[in-house]
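With PDB, C-alpha atoms and all ligand atoms inside, this is my_file.pdb:
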```pdb
ATOM      1  CA  MET A   1     104.867  58.091  -9.433
ATOM      2  CA  ASN A   2     106.799  60.961  -7.836
ATOM      3  CA  SER A   3     105.156  64.355  -7.228
ATOM      4  CA  ILE A   4     106.920  66.115 -10.115
ATOM      5  CA  ASP A   5     105.716  63.554 -12.662
ATOM      6  CA  LYS A   6     102.292  63.278 -11.104
ATOM      7  CA  LEU A   7     101.667  67.017 -11.141
ATOM      8  CA  THR A   8     103.001  67.206 -14.712
ATOM      9  CA  GLU A   9     100.439  64.575 -15.713
ATOM     10  CA  TYR A  10      97.679  66.699 -14.157
ATOM     11  CA  PHE A  11      98.711  69.850 -16.024
ATOM     12  CA  ILE A  12      98.886  67.932 -19.327
ATOM     13  CA  LYS A  13      95.150  67.290 -18.918
ATOM     14  CA  PHE A  14      94.474  71.067 -18.968
ATOM     15  CA  PRO A  15      93.143  72.509 -22.237
ATOM     16  CA  GLY A  16      95.921  73.610 -24.574
ATOM     17  CA  ILE A  17      98.768  72.519 -22.267
ATOM     18  CA  GLY A  18     101.514  70.262 -23.630
ATOM     19  CA  PRO A  19     104.169  68.304 -21.685
ATOM     20  CA  ARG A  20     106.760  71.109 -21.817
ATOM     21  CA  GLN A  21     104.399  73.760 -20.514
ATOM     22  CA  ALA A  22     103.189  71.322 -17.877
ATOM     23  CA  LYS A  23     106.770  70.867 -16.652
ATOM     24  CA  ARG A  24     107.283  74.648 -16.591
ATOM     25  CA  PHE A  25     104.280  74.994 -14.268
ATOM     26  CA  VAL A  26     105.666  72.319 -11.961
ATOM     27  CA  TYR A  27     109.119  73.945 -11.770
ATOM     28  CA  PHE A  28     107.483  77.328 -11.208
ATOM     29  CA  LEU A  29     105.562  75.889  -8.260
ATOM     30  CA  LEU A  30     108.792  74.440  -6.852
ATOM     31  CA  THR A  31     110.268  77.945  -6.674
ATOM     32  CA  ARG A  32     107.301  79.303  -4.635
ATOM     33  CA  ASP A  33     107.164  79.248  -0.836
ATOM     34  CA  SER A  34     104.857  76.960   1.117
ATOM     35  CA  ALA A  35     102.375  79.767   1.875
ATOM     36  CA  PHE A  36     101.741  80.124  -1.854
ATOM     37  CA  LEU A  37     101.360  76.366  -2.341
ATOM     38  CA  ASN A  38      99.014  76.024   0.653
ATOM     39  CA  GLU A  39      96.859  78.867  -0.580
ATOM     40  CA  LEU A  40      96.715  77.257  -4.033
ATOM     41  CA  ALA A  41      95.833  73.860  -2.568
ATOM     42  CA  ASN A  42      93.076  75.389  -0.400
ATOM     43  CA  THR A  43      91.630  77.318  -3.336
ATOM     44  CA  LEU A  44      91.549  74.119  -5.381
ATOM     45  CA  LYS A  45      89.833  72.304  -2.527
ATOM     46  CA  SER A  46      87.072  74.889  -2.220
ATOM     47  CA  LEU A  47      86.594  75.513  -5.966
ATOM     48  CA  LYS A  48      83.770  73.007  -6.352
ATOM     49  CA  SER A  49      81.957  73.886  -3.138
ATOM     50  CA  ASP A  50      82.178  77.649  -3.833
ATOM     51  CA  SER A  51      80.844  77.313  -7.371
ATOM     52  CA  LYS A  52      77.613  76.167  -8.928
ATOM     53  CA  MET A  53      76.281  75.452 -12.351
ATOM     54  CA  CYS A  54      73.415  77.789 -13.200
ATOM     55  CA  GLN A  55      70.144  75.893 -13.476
ATOM     56  CA  SER A  56      69.079  77.982 -16.434
ATOM     57  CA  CYS A  57      72.117  78.744 -18.629
ATOM     58  CA  SER A  58      74.488  76.009 -17.336
ATOM     59  CA  ARG A  59      77.408  78.376 -16.820
ATOM     60  CA  PHE A  60      79.583  78.018 -13.752
ATOM     61  CA  TYR A  61      79.407  80.892 -11.289
ATOM     62  CA  SER A  62      80.700  81.667  -7.842
ATOM     63  CA  SER A  63      78.048  80.909  -5.258
ATOM     64  CA  SER A  64      80.135  82.016  -2.284
ATOM     65  CA  ASN A  65      78.457  85.440  -2.100
ATOM     66  CA  TYR A  66      74.837  84.534  -2.582
ATOM     67  CA  ASN A  67      72.574  81.555  -2.491
ATOM     68  CA  SER A  68      70.646  81.188  -5.721
ATOM     69  CA  ALA A  69      70.178  78.454  -8.278
ATOM     70  CA  LEU A  70      70.623  81.075 -11.010
ATOM     71  CA  CYS A  71      73.742  83.001 -11.987
ATOM     72  CA  ASP A  72      74.011  86.799 -11.939
ATOM     73  CA  ILE A  73      73.371  87.061 -15.703
ATOM     74  CA  CYS A  74      70.136  85.039 -15.512
ATOM     75  CA  LEU A  75      69.017  87.022 -12.445
ATOM     76  CA  ASN A  76      69.711  90.395 -14.094
ATOM     77  CA  LYS A  77      66.368  91.997 -14.913
ATOM     78  CA  ASN A  78      67.994  94.482 -17.297
ATOM     79  CA  ARG A  79      68.967  91.789 -19.777
ATOM     80  CA  ASP A  80      66.885  91.165 -22.889
ATOM     81  CA  THR A  81      64.752  88.047 -22.778
ATOM     82  CA  ASP A  82      64.054  87.890 -26.515
ATOM     83  CA  THR A  83      67.486  86.528 -27.525
ATOM     84  CA  LEU A  84      69.255  83.358 -26.451
ATOM     85  CA  MET A  85      72.896  82.837 -27.413
ATOM     86  CA  ILE A  86      74.229  79.285 -27.441
ATOM     87  CA  VAL A  87      77.960  78.880 -26.829
ATOM     88  CA  ALA A  88      80.148  75.797 -26.427
ATOM     89  CA  LYS A  89      82.189  76.745 -23.356
ATOM     90  CA  ASP A  90      82.215  79.038 -20.331
ATOM     91  CA  ALA A  91      85.363  80.714 -21.700
ATOM     92  CA  ASP A  92      83.457  81.736 -24.869
ATOM     93  CA  LEU A  93      80.706  83.313 -22.769
ATOM     94  CA  THR A  94      83.277  85.152 -20.639
ATOM     95  CA  ASN A  95      84.895  86.621 -23.754
ATOM     96  CA  ILE A  96      81.554  87.743 -25.235
ATOM     97  CA  GLU A  97      80.610  89.352 -21.905
ATOM     98  CA  ARG A  98      83.970  91.142 -21.850
ATOM     99  CA  ILE A  99      83.277  92.581 -25.326
ATOM    100  CA  GLY A 100      79.931  93.680 -23.933
ATOM    101  CA  ASN A 101      77.577  94.468 -26.808
ATOM    102  CA  TYR A 102      75.303  91.459 -26.335
ATOM    103  CA  ASN A 103      72.620  91.910 -23.686
ATOM    104  CA  GLY A 104      70.498  88.773 -24.042
ATOM    105  CA  SER A 105      70.612  85.432 -22.263
ATOM    106  CA  TYR A 106      72.927  82.460 -22.807
ATOM    107  CA  PHE A 107      73.164  78.722 -22.795
ATOM    108  CA  VAL A 108      76.487  76.872 -22.373
ATOM    109  CA  LEU A 109      76.549  73.530 -24.195
ATOM    110  CA  GLY A 110      79.548  72.248 -22.253
ATOM    111  CA  GLY A 111      81.533  71.051 -25.267
ATOM    112  CA  PHE A 112      81.603  70.199 -28.942
ATOM    113  CA  ILE A 113      80.417  67.240 -30.959
ATOM    114  CA  SER A 114      83.143  65.870 -33.186
ATOM    115  CA  ILE A 115      82.216  64.445 -36.561
ATOM    116  CA  LEU A 116      82.612  60.778 -35.611
ATOM    117  CA  GLU A 117      80.874  61.127 -32.246
ATOM    118  CA  LYS A 118      78.393  58.294 -31.667
ATOM    119  CA  ASN A 119      76.661  59.710 -28.591
ATOM    120  CA  PRO A 120      76.289  63.434 -29.220
ATOM    121  CA  GLU A 121      73.718  63.804 -26.442
ATOM    122  CA  GLN A 122      76.428  62.851 -23.951
ATOM    123  CA  LYS A 123      78.854  65.516 -25.207
ATOM    124  CA  VAL A 124      76.568  68.540 -25.020
ATOM    125  CA  ARG A 125      73.669  69.490 -22.732
ATOM    126  CA  ILE A 126      71.083  69.067 -25.457
ATOM    127  CA  THR A 127      68.220  67.823 -23.234
ATOM    128  CA  LYS A 128      68.681  70.778 -20.900
ATOM    129  CA  LEU A 129      68.822  73.187 -23.835
ATOM    130  CA  LEU A 130      65.621  71.860 -25.381
ATOM    131  CA  SER A 131      63.711  72.090 -22.122
ATOM    132  CA  LEU A 132      65.039  75.637 -21.511
ATOM    133  CA  ILE A 133      63.781  76.673 -24.941
ATOM    134  CA  GLN A 134      60.372  75.071 -24.305
ATOM    135  CA  THR A 135      60.129  77.054 -21.067
ATOM    136  CA  LYS A 136      61.176  80.249 -22.820
ATOM    137  CA  ILE A 137      58.576  79.720 -25.540
ATOM    138  CA  LYS A 138      55.918  79.432 -22.847
ATOM    139  CA  ASN A 139      57.068  82.174 -20.488
ATOM    140  CA  SER A 140      58.977  84.783 -22.435
ATOM    141  CA  ASN A 141      59.083  86.678 -25.693
ATOM    142  CA  LEU A 142      61.910  84.641 -27.268
ATOM    143  CA  LYS A 143      62.463  85.791 -30.853
ATOM    144  CA  GLU A 144      65.954  84.652 -31.785
ATOM    145  CA  VAL A 145      68.350  81.841 -30.960
ATOM    146  CA  ILE A 146      71.943  82.708 -31.897
ATOM    147  CA  LEU A 147      74.360  79.839 -32.463
ATOM    148  CA  ALA A 148      77.746  81.283 -31.498
ATOM    149  CA  LEU A 149      80.150  78.448 -32.195
ATOM    150  CA  SER A 150      83.783  78.473 -33.263
ATOM    151  CA  LEU A 151      84.491  78.045 -36.954
ATOM    152  CA  ASN A 152      86.313  74.731 -36.930
ATOM    153  CA  PRO A 153      85.085  71.256 -38.010
ATOM    154  CA  ASP A 154      83.829  70.367 -34.509
ATOM    155  CA  GLY A 155      82.139  73.749 -34.149
ATOM    156  CA  GLU A 156      80.375  73.408 -37.486
ATOM    157  CA  ASN A 157      79.308  69.846 -36.752
ATOM    158  CA  THR A 158      77.907  70.970 -33.389
ATOM    159  CA  LEU A 159      76.116  73.839 -35.095
ATOM    160  CA  ASN A 160      74.432  71.463 -37.570
ATOM    161  CA  TYR A 161      73.444  69.048 -34.811
ATOM    162  CA  ILE A 162      71.917  71.786 -32.633
ATOM    163  CA  SER A 163      70.087  73.393 -35.602
ATOM    164  CA  GLU A 164      68.513  70.052 -36.510
ATOM    165  CA  LYS A 165      67.333  69.562 -32.930
ATOM    166  CA  LEU A 166      65.956  73.106 -32.660
ATOM    167  CA  LYS A 167      64.137  73.321 -35.970
ATOM    168  CA  PRO A 168      61.091  71.181 -35.046
ATOM    169  CA  ILE A 169      60.656  73.083 -31.757
ATOM    170  CA  LEU A 170      61.077  76.582 -33.194
ATOM    171  CA  GLU A 171      59.008  75.947 -36.300
ATOM    172  CA  ASN A 172      55.703  77.823 -36.278
ATOM    173  CA  GLN A 173      56.853  79.824 -33.239
ATOM    174  CA  ASN A 174      58.173  82.782 -35.180
ATOM    175  CA  ILE A 175      61.602  82.326 -33.575
ATOM    176  CA  LYS A 176      64.583  82.501 -35.880
ATOM    177  CA  ILE A 177      67.867  80.635 -35.618
ATOM    178  CA  THR A 178      70.875  82.742 -36.567
ATOM    179  CA  THR A 179      74.631  82.166 -36.676
ATOM    180  CA  LEU A 180      77.488  84.642 -36.336
ATOM    181  CA  GLY A 181      78.122  86.202 -39.720
ATOM    182  CA  ARG A 182      80.965  87.027 -41.999
ATOM    183  CA  GLY A 183      84.117  88.372 -40.462
ATOM    184  CA  LEU A 184      84.808  85.118 -38.676
ATOM    185  CA  SER A 185      87.538  83.257 -40.502
ATOM    186  CA  THR A 186      88.067  79.512 -40.472
ATOM    187  CA  GLY A 187      89.634  78.267 -37.267
ATOM    188  CA  THR A 188      88.386  81.234 -35.262
ATOM    189  CA  GLU A 189      87.984  80.441 -31.576
ATOM    190  CA  LEU A 190      85.280  82.427 -29.831
ATOM    191  CA  GLU A 191      87.256  82.346 -26.645
ATOM    192  CA  TYR A 192      89.983  84.527 -28.190
ATOM    193  CA  LEU A 193      87.893  86.682 -30.504
ATOM    194  CA  ASP A 194      88.796  90.384 -30.478
ATOM    195  CA  ASP A 195      86.169  93.087 -29.977
ATOM    196  CA  ASN A 196      85.928  94.283 -33.595
ATOM    197  CA  THR A 197      85.695  90.835 -35.136
ATOM    198  CA  PHE A 198      82.961  89.804 -32.715
ATOM    199  CA  GLN A 199      81.003  93.026 -33.156
ATOM    200  CA  ASN A 200      81.076  92.620 -36.954
ATOM    201  CA  ALA A 201      80.145  88.944 -36.817
ATOM    202  CA  PHE A 202      77.334  89.767 -34.394
ATOM    203  CA  LYS A 203      76.007  92.603 -36.549
ATOM    204  CA  ASN A 204      76.147  90.439 -39.684
ATOM    205  CA  ARG A 205      74.494  87.412 -38.140
ATOM    206  CA  GLY A 206      71.865  85.692 -40.172
TER     207      GLY A 206
HETATM  208 ZN    ZN A 301      72.661  81.551 -15.748
END
```
For this file, produce the structure as structure tokens.
Amino acid sequence: MNSIDKLTEYFIKFPGIGPRQAKRFVYFLLTRDSAFLNELANTLKSLKSDSKMCQSCSRFYSSSNYNSALCDICLNKNRDTDTLMIVAKDADLTNIERIGNYNGSYFVLGGFISILEKNPEQKVRITKLLSLIQTKIKNSNLKEVILALSLNPDGENTLNYISEKLKPILENQNIKITTLGRGLSTGTELEYLDDNTFQNAFKNRG
């Protein structure tokens, strides 16, 4: 396969990118000079080695500035330890942090579970989540687990799956499970949620 087709195939694998957009990226790159392309190639090469997955919340963070197994959010002593928000993807977390009115901790599931999925435990980090919650029950004042998942069929299926897994652990612990409330319409993607909609949904969680 030639480089144009090969690179197009790579871009098609990106989330939300179709064949036409993929081709546009390739032609854009062809108009750049070699310094730009080299810089891009080097950044790609070092992306994995400069980044880590947080041992607590499972989000990806840049580890080039400091050496810790925990990300800056988990290390931040000013964050509340009584709430844990569960999101599907890093991009959802980034958007909620940008909006800025949530000050608790997070857990990134790493994906969704679609309705016909036969091995849900391979699609989301459920084992890691359950052990994080066990640790939090022992060591912190956890009071609420917020399921912040997009309102689409996969999101709702994931929400049901996670709730079922959490119920036996949270029972008798005085820890409530909440979901984002009204204000979210069907099809809403957390990644693109605007400030007002999120703030309302957060306030009306239950
Ligand atoms: Zn973290």
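Counting all atoms listed in the file, Ile175 (chain A) has the following residues at most 9 Å away, ignoring those fewer than 5 positions along the same chain: Ile137, Leu142, Lys143, Glu144, Val145 and Leu170 of chain A.
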Notebook entry, point to check: What do you get, as a ChimeraX atom specification, if you spell out every residue that the PyMOL selection byres (((chain A and resi 50-62) around 9) and not hetatm) selects here?
Noted result: /A:46-49,63-66,68-74,89-90,93,105-110,125,128-129,132
Next item on the list: Compile the contact shell of region 113-123 of chain A as a list in words: residues with an atom at most 12 Å away, counting all atoms listed in the file, same-chain residues fewer than 4 positions apart removed.
Entry: Ala88, Lys89, Val108, Leu109, Thr127, Lys128, Leu129, Leu130, Leu149, Ser150, Asn152, Pro153, Asp154, Gly155, Glu156, Asn157, Thr158, Leu159, Asn160, Tyr161, Ile162 and Lys165 of chain A
May I have the residues from that selection written out with C-alpha atoms, as a PDB file, in the coordinates of the input?
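So out_16.pdb came out as:
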```
ATOM      1  CA  ALA A  88      80.148  75.797 -26.427  1.00  0.00           C
ATOM      2  CA  LYS A  89      82.189  76.745 -23.356  1.00  0.00           C
ATOM      3  CA  VAL A 108      76.487  76.872 -22.373  1.00  0.00           C
ATOM      4  CA  LEU A 109      76.549  73.530 -24.195  1.00  0.00           C
ATOM      5  CA  THR A 127      68.220  67.823 -23.234  1.00  0.00           C
ATOM      6  CA  LYS A 128      68.681  70.778 -20.900  1.00  0.00           C
ATOM      7  CA  LEU A 129      68.822  73.187 -23.835  1.00  0.00           C
ATOM      8  CA  LEU A 130      65.621  71.860 -25.381  1.00  0.00           C
ATOM      9  CA  LEU A 149      80.150  78.448 -32.195  1.00  0.00           C
ATOM     10  CA  SER A 150      83.783  78.473 -33.263  1.00  0.00           C
ATOM     11  CA  ASN A 152      86.313  74.731 -36.930  1.00  0.00           C
ATOM     12  CA  PRO A 153      85.085  71.256 -38.010  1.00  0.00           C
ATOM     13  CA  ASP A 154      83.829  70.367 -34.509  1.00  0.00           C
ATOM     14  CA  GLY A 155      82.139  73.749 -34.149  1.00  0.00           C
ATOM     15  CA  GLU A 156      80.375  73.408 -37.486  1.00  0.00           C
ATOM     16  CA  ASN A 157      79.308  69.846 -36.752  1.00  0.00           C
ATOM     17  CA  THR A 158      77.907  70.970 -33.389  1.00  0.00           C
ATOM     18  CA  LEU A 159      76.116  73.839 -35.095  1.00  0.00           C
ATOM     19  CA  ASN A 160      74.432  71.463 -37.570  1.00  0.00           C
ATOM     20  CA  TYR A 161      73.444  69.048 -34.811  1.00  0.00           C
ATOM     21  CA  ILE A 162      71.917  71.786 -32.633  1.00  0.00           C
ATOM     22  CA  LYS A 165      67.333  69.562 -32.930  1.00  0.00           C
TER      23      LYS A 165
END
```
Check: From the set A:Lys167, A:Arg79, A:Lys203, A:Arg32, which residue has the shortest atom-to-atom contact distance to ligand ZN 301 (chain A), counting only C-alpha atoms and all ligand atoms?
Finding: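 Ranked by minimum distance to ligand ZN 301 (chain A), first place goes to A:Arg79.
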Item checked: Nearest to ligand ZN 301 (chain A), chosen from A:Arg98, A:Leu84, A:Asn172, A:Ser131, with only C-alpha atoms and all ligand atoms counted in the distances ->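 Once distances to ligand ZN 301 (chain A) are computed over only C-alpha atoms and all ligand atoms, the minimum belongs to A:Leu84.
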Next item on the list: Enter the distance from CA of Tyr192 (chain A) to CA of Thr179 (chain A), in Å, rounded to one decimal.
Entry: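 According to the coordinates, CA of Tyr192 (chain A) and CA of Thr179 (chain A) are separated by 17.7 Å.
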Check: So what does the PyMOL selection byres (((chain A and resi 22-30) around 8) and not hetatm) actually pick up in this one, as number ranges by chain?
Finding: A: 4, 7-9, 11-12, 17-21, 31-33, 37
Note to self: Excluding Gly181 (chain A) and its own-chain neighbours fewer than 4 positions away, which residues fall within 7 Å of it when counting all atoms listed in the file? Please give them as a VMD selection string.
What the structure shows: chain A and resid 201 to 202 204 to 206
Just to be explicit: take each residue in the selection above, keep C-alpha atoms, and write the result as a compact mmCIF listing (two decimals), keeping the file's coordinate frame.
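After the write, selection.txt holds the following:
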```
# COMPACT_ATOMS: atom_id res chain seq x y z
CA ALA A 201 80.14 88.94 -36.82
CA PHE A 202 77.33 89.77 -34.39
CA ASN A 204 76.15 90.44 -39.68
CA ARG A 205 74.49 87.41 -38.14
CA GLY A 206 71.86 85.69 -40.17
```
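Distance check against ligand ZN 301 (chain A) using all atoms listed in the file: of A:Ser163, A:Asn76, A:Ser34, A:Asn141, the minimum falls on A:Asn76.
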Note to self: Tell me which residues come within 12 Å of (90.8, 84.7, -39.0), as a list in words, counting all atoms listed in the file in the file's coordinates.
What the structure shows: Ser150, Leu151, Asn152, Arg182, Gly183, Leu184, Ser185, Thr186, Gly187, Thr188, Glu189, Leu190, Tyr192, Leu193, Asp194, Thr197, Phe198 and Ala201 of chain A
Test item: axis-aligned box, all listed atoms of region 176-189 of chain A, 8 Å on each side, centre and edges in Å rounded to one decimal, as lines of an AutoDock Vina configuration file:
```
center_x = 77.1
center_y = 83.3
center_z = -36.8
size_x = 41.1
size_y = 26.1
size_z = 26.4
```
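Using only C-alpha atoms, the smallest distance between any of A:Tyr102, A:Phe112, A:Phe36, A:Tyr10 and Gln199 (chain A) comes from A:Tyr102.
Ranking A:Lys6, A:Lys176, A:Leu40, A:Leu75 by their shortest atom-to-atom distance to ligand ZN 301 (chain A), with all atoms listed in the file included, puts A:Leu75 first.
Reported to one decimal place, the separation of CA of Thr81 (chain A) from CA of Ala148 (chain A) is 17.0 Å.
What separates CA of Gly104 (chain A) from CA of Leu147 (chain A) is a distance of 12.9 Å.
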